[in-house]
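The structure under discussion appears below in the form of structure tokens.
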Amino acid sequence: MISIELDFSANSPQVVLRQSAKATPLPALWLRARSYDPGQRDTVTGQRLMNPHQLPTDLALTAASWNANRTQLHLAFSDGFAGDFDPQELISGTTISEECPEPQPWTSDLAPQPVYAWGELAQDAVLHRALRDFITRGFLLVHGSPTQADSILEVAKRFGYVRDTNFGAFFEVYSRPGSNDLAYRPVPLGPHTDNPYRDPVPGIQILLCLQNETSGGLSTLVDSLAVAAQVRAEDPEGFALLSRVPVRFEYRDGDKAHLVAVTPLIELDGQGHMTGVHYSPRLDDIPLMSEADTRRYHAARKRLGQLFEDPRYELRFRLDPGWFMMFDNNRVLHGRTEFNPAEGHRQLQGCYIDRDGPRSSYRVLSRRFGA
């Protein structure tokens with residue numbers, strides 16, 4: 001049970017967060033910044049009308065009291081401001097959260113897989129479930145989608161906003177001799193991150209099958225969170241190196257594009273939690289290090305690469321016309337087995353959207369459905 005209490009035992013009143021036997025005083029500066037008084041925040045946007053960065057460093061609470069039914073706190077501060085505070089809002093504010101479900105790592109035995117019918121995603125309740133699956137698992141598989149010349153854009157707009165790149169709003173994936181990327185050849189592609197040479201890296205990729213007349217070209221997905229957890233358990237120091245050592249990724253396309261990004265192979269968020277990887281052995285260069293550090297780094301990277309290609313972590317499936325896979329490009333690595341163009345035509349459409357689109361939609365729909 002978590003509650004808000006008032007403590008008058010000190011020289012000035014304190015607001016205390018009580019959780020079982022633990023009592024945490026809430027600082028006056030923290031409380032003052034959380035005011036939702038109409039004079040302090042815009043009632044429509046929730047954006048502050050005052051600058052909390054300019055508050056006095058020695059700000060103190062001068063008075064505190066409950067209203068009659070203990071649903072509101074009235075607090076007064078040494079800068080002269082006084083207002084009402086919602087205790088439930090204060091409790092919620094004590095935890096920094098994106099208000100999205102936590103990721104759930106998976107391996108090849110994942111069941112059930114997050115599979116949906118395109119037509120059903122027009123229903124917001126179904127879309128809400130699909131978005132939750134996407135946030136927790138990092139990917140969706142959808143069948144029955146349209147397969148016209150630019151259908152990928154219609155599909156993408158259901159989840160977010162299309163991000164244009166030097167490849168255009170969307171790109172076509174089929175065998176083209178002499179093309180500017182191995183994705184456009186019939187060769188196998190190991191698990192990788194798309195476009196790690198961009199800053200920021202495209203957050204989400206959608207690949208929609210228009211035609212597939214080949215027996216090969218099976219699609220693969222691997223969850224980097226599950227793989228990296230194993231690396232971390234085996235070699236904590238190696239994991240730390242992979243999350244700290246900068247790697248240079250580069251892409252050149254004649255006089256059309258020259259893209260470079262420098263970032264560690266393992267991506268951590270501001271709280272130190274792993275969110276994904278930048279992994280593409282075709283494109284990376286490590287910095288010059290000592291012989292010992294180079295070998296230590298290489299051993300950790302080699303183990304990571306071995307596990308990425310371990311069948312225990314891989315989902316493998318065929319994309320038929322109307323099927324698409326949408327995956328978190330930072331978290332879920334994708335690949336493809338070899339195929340023979342002489343068997344027939346294999347054509348996918350692909351595009352990118354930013355990571356925040358599905359998360360924003362999930363929060364909006366969660367308020368509607370009370371999640």
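Labels for the structure tokens follow display order: chains A, B, ..., residues from 1 in each chain, ligands from 1.
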
May I have the residues within 6 Å of stretch 72-75 of chain A as a CSV table (one decimal) with C-alpha atoms, in the first residue's frame, using only C-alpha atoms and disregarding those fewer than 6 positions away in the same chain?
chain,number,residue,atom,x,y,z
A,63,ALA,CA,2.4,25.1,5.4
A,64,ALA,CA,0.5,21.8,4.6
A,65,SER,CA,-3.0,20.6,5.2
A,66,TRP,CA,-5.6,18.2,3.9
A,82,ALA,CA,0.2,28.1,-2.5
A,83,GLY,CA,-2.0,25.6,-4.2
A,84,ASP,CA,-3.9,22.3,-4.1
A,85,PHE,CA,-2.2,19.0,-5.0
A,86,ASP,CA,-3.7,15.6,-5.9

| All residues 9 Å or closer to A:Asn340, only C-alpha atoms, same chain fewer than 4 positions away omitted, as a list in words | Pro186, Val187, Thr214, Ser215, Gly216, Gly217 and Gly344 of chain A

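Residues in contact range of stretch 48-60 of chain A, defined as at most 6 Å between only C-alpha atoms, with sequence neighbours fewer than 4 positions away removed, read A:Ala28, A:Ala33, A:Gln40, A:Arg41, A:Phe77, A:Ser78.
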
Please produce an output containing C-alpha atoms for each residue in the selection, written as a PDB file, in the first residue's frame.
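Below you can see result.pdb, which holds the result:
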ATOM      1  CA  ALA A  28       9.841  21.002  -1.662  1.00  0.00           C
ATOM      2  CA  ALA A  33       7.315  21.753  -9.869  1.00  0.00           C
ATOM      3  CA  GLN A  40       1.232  27.309 -13.140  1.00  0.00           C
ATOM      4  CA  ARG A  41       0.202  25.020 -16.029  1.00  0.00           C
ATOM      5  CA  PHE A  77       5.946  27.427  -0.271  1.00  0.00           C
ATOM      6  CA  SER A  78       8.584  29.961   0.726  1.00  0.00           C
TER       7      SER A  78
END

| said: Give me the residues near A:Pro287 as a PyMOL selection string, where near means some atom within 10 Å (using only C-alpha atoms) and where sequence neighbours in that chain fewer than 4 positions away do not count. | reply: chain A and resi 245-248+294

| Can you list, as a PyMOL selection string, every residue of stretch 142-343 of chain A that DSSP puts in helix (DSSP H, G or I)? | chain A and resi 151-157+182-184+224-234+236-244+291-308+311-313+341-343

| field | Between atom CA of A:Arg198 and atom CA of A:Ala257 - distance in Å to one decimal | value |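 Going from atom CA of A:Ala257 over to atom CA of A:Arg198 covers 11.2 Å.
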